[in-house]
file entry08.txt (compact mmCIF, C-alpha atoms)
# COMPACT_ATOMS: atom_id res chain seq x y z
CA MET A 869 18.87 7.15 -22.68
CA ARG A 870 15.10 6.64 -22.86
CA PRO A 871 13.08 9.19 -20.83
CA ALA A 872 11.35 6.40 -18.92
CA ILE A 873 14.68 4.91 -17.82
CA ALA A 874 16.02 8.32 -16.80
CA LEU A 875 12.91 9.12 -14.75
CA GLY A 876 13.07 5.72 -13.13
CA LYS A 877 16.69 6.27 -12.06
CA ILE A 878 15.88 9.75 -10.71
CA LYS A 879 12.99 8.33 -8.66
CA GLN A 880 15.17 5.52 -7.31
CA ALA A 881 17.84 8.02 -6.23
CA ALA A 882 15.48 10.61 -4.71
CA TRP A 883 13.14 8.30 -2.83
CA PRO A 884 15.66 6.98 -0.21
CA VAL A 885 16.78 10.56 0.51
CA ALA A 886 13.19 11.71 1.04
CA ILE A 887 12.44 8.73 3.28
CA SER A 888 15.55 9.46 5.36
CA LEU A 889 14.56 13.10 5.82
CA LEU A 890 11.03 12.18 6.84
CA ALA A 891 12.35 9.61 9.30
CA VAL A 892 14.95 11.92 10.89
CA LEU A 893 12.82 15.08 11.17
CA PRO A 894 10.18 13.72 13.61
CA VAL A 895 12.90 12.16 15.78
CA VAL A 896 14.80 15.46 15.97
CA LEU A 897 11.63 17.36 16.87
CA LEU A 898 10.66 14.81 19.52
CA LEU A 899 14.11 14.81 21.14
CA SER A 900 14.22 18.61 21.10
CA SER A 901 10.77 18.84 22.70
CA LEU A 902 11.65 16.30 25.40
CA ARG A 903 14.84 18.17 26.20
CA THR A 904 12.93 21.44 26.49
CA LEU A 905 10.38 19.85 28.83
CA ARG A 906 13.15 18.46 31.05
CA GLU A 907 14.76 21.88 31.26
CA LEU A 908 11.42 23.46 32.17
CA GLU A 909 10.88 20.95 34.96
CA ALA A 910 14.39 21.70 36.25
CA GLN A 911 13.55 25.42 36.30
CA ARG A 912 10.37 24.69 38.26
CA ALA A 913 12.36 22.73 40.85
CA VAL A 914 14.92 25.54 41.17
CA PHE A 915 12.17 28.10 41.71
CA LEU A 916 10.36 26.00 44.33
CA ARG A 917 13.67 25.25 46.04
CA SER A 918 14.36 28.97 46.30
CA ARG A 919 10.92 29.54 47.84
CA ALA A 920 11.63 26.81 50.40
CA ALA A 921 14.97 28.45 51.20
CA ASN A 922 13.10 31.69 51.80
CA VAL A 923 10.86 29.93 54.35
CA ILE A 924 13.92 28.46 56.12
CA SER A 925 15.51 31.91 56.34
CA LEU A 926 12.31 33.20 57.97
CA LEU A 927 12.30 30.30 60.44
CA SER A 928 15.91 30.91 61.42
CA ALA A 929 15.01 34.41 62.66
CA LEU A 930 12.00 33.36 64.73
CA PRO A 931 12.20 33.52 68.53
CA ASP A 932 11.71 30.33 70.50
CA GLY A 933 8.44 29.44 72.20
CA LEU A 934 5.96 30.32 69.41
CA SER A 935 3.13 27.92 68.66
CA GLU A 936 2.99 26.04 65.35
CA GLU A 937 -0.02 28.16 64.26
CA ALA A 938 1.90 31.38 64.93
CA VAL A 939 4.95 30.09 63.10
CA PHE A 940 2.83 29.07 60.08
CA GLU A 941 1.06 32.44 59.96
CA TYR A 942 4.37 34.26 60.12
CA ALA A 943 5.99 32.08 57.42
CA SER A 944 2.96 32.10 55.11
CA GLY A 945 2.94 35.87 55.28
CA GLY A 946 6.40 35.89 53.74
CA GLU A 947 5.70 32.97 51.38
CA PRO A 948 2.16 32.79 49.90
CA ALA A 949 2.87 29.39 48.30
CA LEU A 950 3.25 27.75 51.72
CA VAL A 951 0.58 25.05 52.26
CA ASP A 952 1.77 23.29 55.41
CA LEU A 953 4.69 23.59 57.83
CA LYS A 954 5.98 21.29 60.54
CA ILE A 955 9.03 21.78 62.73
CA PHE A 956 10.78 18.91 64.50
CA SER A 957 13.05 19.41 67.51
CA PRO A 958 15.81 17.04 68.73
CA SER A 959 13.49 15.77 71.48
CA GLN A 960 11.17 14.46 68.75
CA ALA A 961 13.90 12.67 66.84
CA GLY A 962 12.78 9.28 68.06
CA GLN A 963 9.12 9.97 67.27
CA VAL A 964 9.48 11.09 63.67
CA ASP A 965 10.09 9.14 60.54
CA SER A 966 13.41 7.30 60.52
CA GLU A 967 14.08 8.78 57.09
CA LEU A 968 14.89 12.09 58.82
CA VAL A 969 17.85 10.53 60.63
CA PRO A 970 20.34 11.46 57.85
CA LEU A 971 19.21 15.07 58.20
CA TRP A 972 19.84 15.04 61.98
CA SER A 973 23.24 13.51 61.50
CA GLY A 974 24.23 15.98 58.79
CA ARG A 975 24.71 13.32 56.08
CA GLU A 976 22.03 15.15 54.03
CA LEU A 977 21.51 18.90 53.79
CA PHE A 978 17.96 18.75 52.42
CA ARG A 979 15.45 16.44 50.82
CA GLU A 980 12.75 17.22 48.25
CA ALA A 981 9.80 15.37 46.73
CA LEU A 982 6.83 16.07 44.46
CA LEU A 983 3.58 14.70 45.93
CA ASN A 984 0.16 14.31 44.35
CA ARG A 985 -2.60 15.13 46.83
CA PRO A 986 -6.36 15.51 46.33
CA GLU A 987 -5.99 19.26 46.81
CA GLY A 988 -3.24 19.44 44.17
CA ARG A 989 0.46 18.84 43.61
CA ILE A 990 2.70 19.51 46.60
CA PHE A 991 6.42 20.27 46.49
CA ARG A 992 7.87 19.07 49.83
CA VAL A 993 11.26 20.10 51.20
CA GLU A 994 12.76 18.72 54.42
CA ALA A 995 15.84 20.59 55.64
CA PRO A 996 17.62 21.37 58.96
CA PHE A 997 18.00 24.94 60.20
CA ASN A 998 19.46 26.69 63.24
CA SER A 999 17.26 28.86 65.40
CA GLN A 1000 17.60 30.44 68.84
CA ALA A 1001 16.48 27.09 70.32
CA GLY A 1002 19.16 25.19 68.40
CA LEU A 1003 19.00 22.69 65.51
CA ARG A 1004 15.56 22.05 64.06
CA ILE A 1005 14.19 20.28 60.97
CA ALA A 1006 11.45 21.92 58.91
CA ARG A 1007 9.03 20.01 56.67
CA ILE A 1008 7.84 22.62 54.18
CA ASP A 1009 4.94 21.90 51.78
CA LEU A 1010 4.61 24.35 48.91
CA ASN A 1011 1.90 24.60 46.26
CA ALA A 1012 3.67 23.30 43.13
CA ALA A 1013 1.23 25.25 40.94
CA SER A 1014 2.88 28.47 42.12
CA ALA A 1015 5.69 27.75 39.64
CA ASP A 1016 3.40 27.14 36.68
CA PHE A 1017 3.92 30.70 35.41
CA LEU A 1018 7.47 29.64 34.50
CA THR A 1019 6.38 26.76 32.31
CA VAL A 1020 2.85 27.34 31.08
CA HIS A 1021 3.81 29.65 28.22
CA ALA A 1022 6.86 27.57 27.44
CA ARG A 1023 4.71 24.42 27.35
CA HIS A 1024 2.37 26.15 24.94
CA ASN A 1025 5.34 27.07 22.80
CA VAL A 1026 6.61 23.49 22.87
CA LEU A 1027 3.16 22.22 21.92
CA ILE A 1028 2.94 24.70 19.08
CA SER A 1029 6.42 23.68 17.98
CA MET A 1030 5.49 20.00 18.01
CA LEU A 1031 2.27 20.66 16.08
CA SER A 1032 4.22 22.78 13.61
CA GLY A 1033 6.75 19.98 13.24
CA LEU A 1034 3.95 17.48 12.70
CA ALA A 1035 2.40 19.74 10.09
CA LEU A 1036 5.81 20.07 8.45
CA VAL A 1037 6.20 16.29 8.41
CA LEU A 1038 2.74 15.85 6.88
CA LEU A 1039 3.43 18.52 4.29
CA SER A 1040 6.78 16.93 3.51
CA ALA A 1041 5.17 13.52 3.21
CA TYR A 1042 2.51 14.94 0.93
CA ALA A 1043 5.16 16.70 -1.15
CA VAL A 1044 7.19 13.50 -1.47
CA LEU A 1045 4.11 11.45 -2.38
CA ALA A 1046 3.02 14.11 -4.87
CA ALA A 1047 6.50 14.16 -6.40
CA ARG A 1048 6.53 10.39 -6.53
CA ARG A 1049 3.08 10.33 -8.10
CA ALA A 1050 4.14 12.96 -10.64
CA ALA A 1051 7.31 11.02 -11.45
CA ARG A 1052 5.27 7.83 -11.86
CA LEU A 1053 2.83 9.68 -14.10
CA ARG A 1054 5.65 11.08 -16.22
CA LEU A 1055 7.15 7.61 -16.40
CA GLN A 1056 3.83 6.13 -17.48
CA GLN A 1057 3.32 8.90 -20.03
CA ALA A 1058 6.79 8.30 -21.45
CA GLU A 1059 6.15 4.57 -21.63
CA LEU A 1060 2.74 5.08 -23.20
CA ALA A 1061 4.20 7.46 -25.76
CA HIS A 1062 6.92 4.93 -26.52
CA LEU A 1063 4.41 2.08 -26.80
CA ALA A 1064 2.09 4.22 -28.93
CA HIS A 1065 4.99 4.92 -31.27
CA LEU A 1066 5.76 1.19 -31.45
CA GLY A 1067 2.08 0.47 -32.05
CA ARG A 1068 1.86 2.92 -34.94
CA MET A 1069 5.07 1.57 -36.43
CA ALA A 1070 3.83 -2.02 -36.01
CA ALA A 1071 0.49 -1.17 -37.65
CA VAL A 1072 2.23 0.46 -40.63
CA LEU A 1073 4.61 -2.46 -41.05
CA ALA A 1074 1.81 -5.00 -40.68
CA HIS A 1075 -0.28 -3.20 -43.27
CA GLU A 1076 2.64 -3.09 -45.69
CA ILE A 1077 3.40 -6.78 -45.11
CA ARG A 1078 -0.22 -7.89 -45.37
CA ASN A 1079 -0.74 -7.02 -49.03
CA PRO A 1080 2.29 -8.85 -50.50
CA LEU A 1081 1.70 -11.70 -48.05
CA GLY A 1082 -1.81 -12.15 -49.42
CA ALA A 1083 -0.42 -12.36 -52.93
CA VAL A 1084 2.23 -14.90 -51.87
CA LYS A 1085 -0.40 -17.01 -50.12
CA GLY A 1086 -2.67 -16.87 -53.15
CA PHE A 1087 0.04 -18.04 -55.55
CA ILE A 1088 1.09 -20.83 -53.16
CA GLN A 1089 -2.50 -22.05 -52.86
CA LEU A 1090 -2.90 -21.85 -56.64
CA ALA A 1091 0.28 -23.87 -57.15
CA ALA A 1092 -0.84 -26.41 -54.54
CA GLU A 1093 -3.97 -27.08 -56.59
CA GLN A 1094 -1.85 -28.52 -59.40
CA PRO A 1095 -2.15 -32.29 -59.94
CA ASP A 1096 1.52 -32.94 -59.13
CA GLU A 1097 1.50 -34.67 -55.70
CA THR A 1098 5.17 -33.85 -55.08
CA VAL A 1099 4.52 -30.14 -55.55
CA ARG A 1100 1.59 -30.21 -53.13
CA GLU A 1101 3.72 -31.93 -50.46
CA LEU A 1102 6.44 -29.31 -50.85
CA LEU A 1103 4.00 -26.40 -50.69
CA ALA A 1104 2.01 -27.62 -47.66
CA PRO A 1105 4.60 -26.41 -45.10
CA ALA A 1106 4.84 -23.10 -46.94
CA ILE A 1107 1.09 -22.52 -46.54
CA GLY A 1108 1.37 -23.26 -42.81
CA GLU A 1109 4.22 -20.77 -42.40
CA VAL A 1110 2.34 -18.10 -44.36
CA GLU A 1111 -0.67 -18.58 -42.09
CA ARG A 1112 1.61 -18.20 -39.07
CA ILE A 1113 2.94 -14.94 -40.48
CA GLU A 1114 -0.65 -13.84 -41.07
CA ARG A 1115 -1.43 -14.38 -37.38
CA LEU A 1116 1.61 -12.33 -36.40
CA VAL A 1117 0.56 -9.55 -38.77
CA ASN A 1118 -2.97 -9.61 -37.35
CA ASP A 1119 -1.53 -9.33 -33.82
CA LEU A 1120 0.49 -6.27 -34.86
CA LEU A 1121 -2.60 -4.69 -36.42
CA LEU A 1122 -4.70 -5.38 -33.32
CA TYR A 1123 -2.03 -3.90 -31.08
CA GLY A 1124 -1.62 -0.80 -33.22
CA ARG A 1125 -5.31 -0.26 -34.06
CA PRO A 1126 -7.72 -1.93 -31.60
CA PRO A 1127 -11.20 -2.44 -33.11
CA SER A 1128 -14.29 -0.55 -31.91
CA PRO A 1129 -16.82 -2.81 -30.14
CA ASN A 1130 -20.13 -3.62 -31.80
CA LEU A 1131 -22.35 -4.62 -28.87
CA ARG A 1132 -25.18 -7.08 -29.43
CA PRO A 1133 -26.90 -9.86 -27.42
CA VAL A 1134 -24.76 -12.98 -27.00
CA LYS A 1135 -26.00 -16.32 -25.67
CA TRP A 1136 -23.40 -18.28 -23.76
CA PRO A 1137 -24.24 -21.77 -25.16
CA GLU A 1138 -24.01 -20.53 -28.76
CA PHE A 1139 -20.82 -18.66 -28.00
CA VAL A 1140 -19.23 -21.73 -26.36
CA ALA A 1141 -20.15 -23.87 -29.37
CA ARG A 1142 -18.51 -21.27 -31.59
CA LEU A 1143 -15.34 -21.38 -29.46
CA GLU A 1144 -15.17 -25.16 -29.42
CA GLY A 1145 -14.94 -25.10 -33.21
CA HIS A 1146 -11.56 -23.34 -32.86
CA VAL A 1147 -10.19 -25.29 -29.89
CA ASP A 1148 -9.36 -28.39 -31.95
CA ARG A 1149 -7.26 -26.22 -34.25
CA ILE A 1150 -5.50 -24.72 -31.22
CA ARG A 1151 -4.76 -28.14 -29.67
CA GLN A 1152 -3.16 -29.39 -32.92
CA GLY A 1153 -3.56 -33.02 -31.89
CA ARG A 1154 -2.12 -32.49 -28.38
CA PRO A 1155 -3.81 -34.57 -25.64
CA VAL A 1156 -5.36 -31.63 -23.78
CA ARG A 1157 -8.89 -32.04 -22.43
CA PHE A 1158 -11.06 -28.95 -22.87
CA THR A 1159 -14.33 -28.39 -20.98
CA ALA A 1160 -16.71 -25.45 -20.82
CA GLY A 1161 -19.37 -24.70 -18.22
CA ALA A 1162 -22.97 -24.81 -19.49
CA CYS A 1163 -25.54 -22.16 -18.55
CA ASP A 1164 -28.03 -20.07 -20.51
CA LEU A 1165 -26.56 -16.71 -19.61
CA GLU A 1166 -27.19 -13.90 -22.12
CA TRP A 1167 -25.65 -10.43 -22.13
CA ARG A 1168 -24.68 -7.63 -24.52
CA THR A 1169 -21.10 -7.64 -25.78
CA ASP A 1170 -19.07 -7.88 -28.97
CA PRO A 1171 -18.76 -11.64 -29.63
CA ASP A 1172 -15.94 -11.19 -32.15
CA ILE A 1173 -13.74 -9.26 -29.71
CA LEU A 1174 -14.67 -11.58 -26.83
CA GLU A 1175 -13.78 -14.57 -29.00
CA GLN A 1176 -10.36 -13.09 -29.72
CA ILE A 1177 -9.76 -12.57 -26.00
CA LEU A 1178 -10.78 -16.08 -24.93
CA LEU A 1179 -9.06 -17.87 -27.83
CA ASN A 1180 -5.86 -16.07 -26.92
CA LEU A 1181 -6.19 -17.19 -23.30
CA ILE A 1182 -7.13 -20.74 -24.28
CA ARG A 1183 -4.13 -20.92 -26.64
CA ASN A 1184 -1.81 -19.82 -23.84
CA ALA A 1185 -3.35 -22.37 -21.45
CA VAL A 1186 -3.03 -25.22 -23.99
CA GLU A 1187 0.61 -24.36 -24.63
CA ALA A 1188 1.26 -24.22 -20.86
CA VAL A 1189 -0.14 -27.71 -20.14
CA ALA A 1190 1.07 -29.42 -23.32
CA GLY A 1191 3.20 -32.46 -22.53
CA GLN A 1192 1.90 -32.86 -18.96
CA PRO A 1193 -0.06 -35.93 -17.83
CA ASP A 1194 -3.84 -35.47 -17.55
CA ALA A 1195 -3.60 -31.97 -19.04
CA TRP A 1196 -6.86 -29.99 -19.06
CA VAL A 1197 -8.17 -26.50 -19.71
CA ARG A 1198 -11.53 -25.32 -18.38
CA LEU A 1199 -13.65 -22.34 -19.46
CA SER A 1200 -16.35 -21.14 -17.06
CA ALA A 1201 -18.63 -18.17 -16.42
CA ALA A 1202 -19.79 -16.75 -13.11
CA TYR A 1203 -22.45 -14.14 -12.48
CA SER A 1204 -24.41 -12.99 -9.44
CA PRO A 1205 -27.40 -10.64 -9.76
CA GLY A 1206 -26.19 -7.07 -9.41
CA GLY A 1207 -22.55 -8.21 -9.36
CA PRO A 1208 -19.82 -8.63 -11.96
CA LEU A 1209 -19.72 -11.14 -14.78
CA THR A 1210 -16.48 -13.15 -14.73
CA LEU A 1211 -15.18 -15.45 -17.44
CA SER A 1212 -12.29 -17.67 -16.40
CA VAL A 1213 -9.84 -19.88 -18.28
CA THR A 1214 -8.15 -22.31 -15.86
CA ASP A 1215 -5.41 -24.86 -16.52
CA ASN A 1216 -3.45 -27.36 -14.45
CA GLY A 1217 -0.07 -26.33 -15.81
CA PRO A 1218 3.09 -25.38 -13.87
CA GLY A 1219 1.87 -21.85 -13.08
CA LEU A 1220 3.64 -18.54 -13.56
CA PRO A 1221 7.06 -17.73 -12.05
CA ALA A 1222 7.19 -14.48 -10.07
CA GLU A 1223 9.67 -12.85 -12.45
CA VAL A 1224 7.43 -13.63 -15.43
CA ARG A 1225 4.25 -12.44 -13.65
CA LYS A 1226 5.69 -8.91 -13.34
CA ARG A 1227 6.04 -8.60 -17.13
CA LEU A 1228 3.00 -10.54 -18.31
CA PHE A 1229 1.29 -7.60 -20.02
CA GLN A 1230 4.45 -5.94 -21.28
CA PRO A 1231 4.29 -5.74 -25.10
CA PHE A 1232 6.81 -7.85 -27.03
CA PHE A 1233 7.73 -9.86 -23.91
CA THR A 1234 7.50 -13.62 -24.36
CA THR A 1235 9.02 -16.77 -22.88
CA LYS A 1236 8.26 -18.77 -26.02
CA SER A 1237 10.63 -19.48 -28.87
CA SER A 1238 8.15 -17.98 -31.34
CA GLY A 1239 5.50 -15.29 -31.29
CA THR A 1240 5.46 -11.52 -30.85
CA GLY A 1241 4.73 -11.38 -27.11
CA LEU A 1242 1.63 -9.27 -27.83
CA GLY A 1243 -1.03 -11.85 -26.96
CA LEU A 1244 -1.79 -10.83 -23.37
CA ALA A 1245 -1.27 -7.12 -24.07
CA ILE A 1246 -3.82 -7.34 -26.89
CA ALA A 1247 -6.22 -9.44 -24.78
CA ARG A 1248 -6.15 -6.89 -21.96
CA SER A 1249 -6.60 -3.99 -24.40
CA LEU A 1250 -9.59 -5.75 -25.99
CA ALA A 1251 -11.09 -6.59 -22.57
CA ARG A 1252 -10.86 -2.93 -21.57
CA SER A 1253 -12.52 -1.90 -24.83
CA LEU A 1254 -15.52 -4.01 -23.68
CA GLY A 1255 -15.52 -2.38 -20.25
CA GLY A 1256 -13.77 -5.28 -18.52
CA GLU A 1257 -10.39 -6.14 -17.05
CA LEU A 1258 -8.03 -9.07 -17.51
CA THR A 1259 -6.03 -10.49 -14.59
CA LEU A 1260 -3.96 -13.64 -14.11
CA MET A 1261 -3.40 -15.48 -10.84
CA ASP A 1262 -2.33 -18.84 -9.49
CA ALA A 1263 -4.88 -21.63 -9.41
CA GLN A 1264 -5.15 -24.10 -6.53
CA PRO A 1265 -3.50 -26.52 -6.06
CA ARG A 1266 -1.51 -25.72 -9.22
CA GLY A 1267 -1.89 -24.04 -12.55
CA THR A 1268 -3.04 -20.62 -13.70
CA VAL A 1269 -6.43 -18.93 -13.95
CA ALA A 1270 -7.06 -16.00 -16.31
CA LEU A 1271 -10.05 -13.87 -15.28
CA VAL A 1272 -11.92 -11.53 -17.60
CA SER A 1273 -14.21 -9.52 -15.33
CA PHE A 1274 -16.98 -7.14 -16.38
CA PRO A 1275 -18.11 -5.01 -13.40
CA ARG A 1276 -21.33 -3.74 -15.05
CA PRO A 1277 -22.52 -6.32 -17.58
CA GLU A 1278 -25.69 -5.68 -19.57
CA VAL A 1279 -27.29 -9.03 -18.74
CA THR A 1280 -30.43 -9.49 -20.83
CA GLY A 1281 -31.48 -13.02 -19.86
CA ARG A 1282 -30.80 -15.92 -17.49
CA ALA A 1283 -32.16 -19.42 -17.50
CA GLU A 1284 -34.04 -20.88 -14.57
CA ASN A 1285 -31.19 -23.25 -13.74
CA HIS A 1286 -28.85 -20.28 -13.38
CA GLU A 1287 -31.27 -18.55 -10.97
CA LYS A 1288 -31.21 -21.62 -8.73
CA ARG A 1289 -27.44 -21.63 -8.61
CA ASP A 1290 -27.62 -18.27 -6.78
CA GLY A 1291 -24.87 -16.71 -8.84
CA LYS A 1292 -22.35 -19.55 -8.58
CA THR A 1293 -19.99 -20.57 -11.35
CA CYS A 1294 -21.51 -22.42 -14.28

call {"tool": "encode", "arguments": {"input": "entry08.txt", "output": "structure tokens"}}
result
Amino acid sequence: MRPAIALGKIKQAAWPVAISLLAVLPVVLLLSSLRTLRELEAQRAVFLRSRAANVISLLSALPDGLSEEAVFEYASGGEPALVDLKIFSPSQAGQVDSELVPLWSGRELFREALLNRPEGRIFRVEAPFNSQAGLRIARIDLNAASADFLTVHARHNVLISMLSGLALVLLSAYAVLAARRAARLRLQQAELAHLAHLGRMAAVLAHEIRNPLGAVKGFIQLAAEQPDETVRELLAPAIGEVERIERLVNDLLLYGRPPSPNLRPVKWPEFVARLEGHVDRIRQGRPVRFTAGACDLEWRTDPDILEQILLNLIRNAVEAVAGQPDAWVRLSAAYSPGGPLTLSVTDNGPGLPAEVRKRLFQPFFTTKSSGTGLGLAIARSLARSLGGELTLMDAQPRGTVALVSFPRPEVTGRAENHEKRDGKTC
């Protein structure tokens, strides 16, 4: 099994597991923290309830006839958390809140509530008790903050636990992303090593084929110069096939050994005229209209390499639109001062299917019945050697546009008409 395939399968198997762990861990931590907080609140309520029960026990032992102030002072002495105290007798049953009726009737033994007041949170308990004067109901207001000592440290611990869990999640996410990045890098390295090996092998084979092919072509051309018309007709297809093999060999050599750029000033009108001399050969009599934008842009590049890139793209565009009504291919340049220089080859063909788009620049991949499938891979490699990048996208309303973009072009001259266009396409 190829290393790239093995790494790809490992990554596909490990990634869902890592995603599942990262998804489950925060949920577990959140649920655990919420459960802990609920238990802490329950402990607070139990503590405050016990303090209220202590007040009721004090009230049960009080003699009758004391004023409310005296009762409060006595009860607050035994319970510092007491904030307010009211005692209701049976004679006041009709004057108090009707909600106390269940307490008078014995259907409820006590009632509690947590109130938010300007002075702070109040824990209120309403409960009946028996004193020397008979059945009474006490409304006891306690300072809820008196129970904070039970939960403050625990809350801090919960917060620390949640932050630790969050840090663990972030570290886990970083570890997974780092592992994924490392796996992708190893995959790319394996693929690059494999492609480099193919490139070296292709260059060696192309070099070995080129020499005998040149001899074969020379002898065929020599034989075709003979006066026998029948011989020339028979040898004409052979010359065409040899030239096709030469193009394939040149593609293999370019893929295996990309040339080094020789930068020099290039004027767009002269370069377009040079390209148009090859377009007729590319069209091969097919009714495809070719147009090129005219502007006097001048920049430093390698015209030979740039010509190879654009001819490759134009050839692909012509083959894509061949056989369609009103077929056309357009070459244009766009430049804005301080911005990138973009050369585009646009056609009105059927466009690129999604499954083909994913493998456009994969070496030796082709949808044609002939060819090596190296054209776009070579074009992108050559564009990068000039400091640019090649991308393909859908054109509107239909067709394909190939963009060769140079982020930092060495523009040496622009005509006045290009200045007035304010950087628009020409």

call {"tool": "atom_distance", "arguments": {"input": "entry08.txt", "atom1": "CA of Glu1109 (chain A)", "atom2": "CA of Ile1246 (chain A)"}}
result
22.0 Å

call {"tool": "atom_distance", "arguments": {"input": "entry08.txt", "atom1": "CA of Val939 (chain A)", "atom2": "CA of Asn922 (chain A)"}}
result
14.0 Å

call {"tool": "atom_distance", "arguments": {"input": "entry08.txt", "atom1": "CA of Ile1008 (chain A)", "atom2": "CA of Ala910 (chain A)"}}
result
19.1 Å

call {"tool": "residues_around", "arguments": {"input": "entry08.txt", "residues": "Glu976 (chain A)", "least_positions_apart": "4", "cutoff": "12 Å", "atoms": "only C-alpha atoms", "output": "ChimeraX atom specification"}}
result
/A:967-972,980,994-996,1005

call {"tool": "residues_around", "arguments": {"input": "entry08.txt", "residues": "Gln911 (chain A)", "least_positions_apart": "4", "cutoff": "12 Å", "atoms": "all atoms listed in the file", "output": "list in words"}}
result
Thr904, Leu905, Arg906, Glu907, Phe915, Leu916, Arg917, Ser918, Ala1015, Asp1016, Phe1017, Leu1018, Thr1019 and Ala1022 of chain A

call {"tool": "closest_residue", "arguments": {"input": "entry08.txt", "among": "A:Ala1201, A:Ile1077, A:Leu1209, A:Val1186", "to": "Gly1153 (chain A)", "atoms": "only C-alpha atoms"}}
result
A:Val1186

call {"tool": "closest_residue", "arguments": {"input": "entry08.txt", "among": "A:Leu1199, A:Val892, A:Leu897, A:Leu977", "to": "Ala921 (chain A)", "atoms": "all atoms listed in the file"}}
result
A:Leu977

call {"tool": "residues_around", "arguments": {"input": "entry08.txt", "residues": "region 1144-1148 of chain A", "least_positions_apart": "4", "cutoff": "8 Å", "atoms": "only C-alpha atoms", "output": "NGL selection string"}}
result
:A and (1140 or 1152-1153 or 1158 or 1179 or 1182)

call {"tool": "closest_residue", "arguments": {"input": "entry08.txt", "among": "A:Glu1278, A:Glu1093, A:Glu937, A:Glu1059", "to": "Arg1132 (chain A)", "atoms": "all atoms listed in the file"}}
result
A:Glu1278

call {"tool": "closest_residue", "arguments": {"input": "entry08.txt", "among": "A:Ser901, A:Thr1159, A:Asn1118, A:Gln1094", "to": "Gly1033 (chain A)", "atoms": "all atoms listed in the file"}}
result
A:Ser901

call {"tool": "closest_residue", "arguments": {"input": "entry08.txt", "among": "A:Ala981, A:Ala938, A:Leu950, A:Val993", "to": "Asn1011 (chain A)", "atoms": "all atoms listed in the file"}}
result
A:Leu950

call {"tool": "closest_residue", "arguments": {"input": "entry08.txt", "among": "A:Arg1151, A:Arg1004, A:Arg919, A:Lys1085", "to": "Gly946 (chain A)", "atoms": "all atoms listed in the file"}}
result
A:Arg919
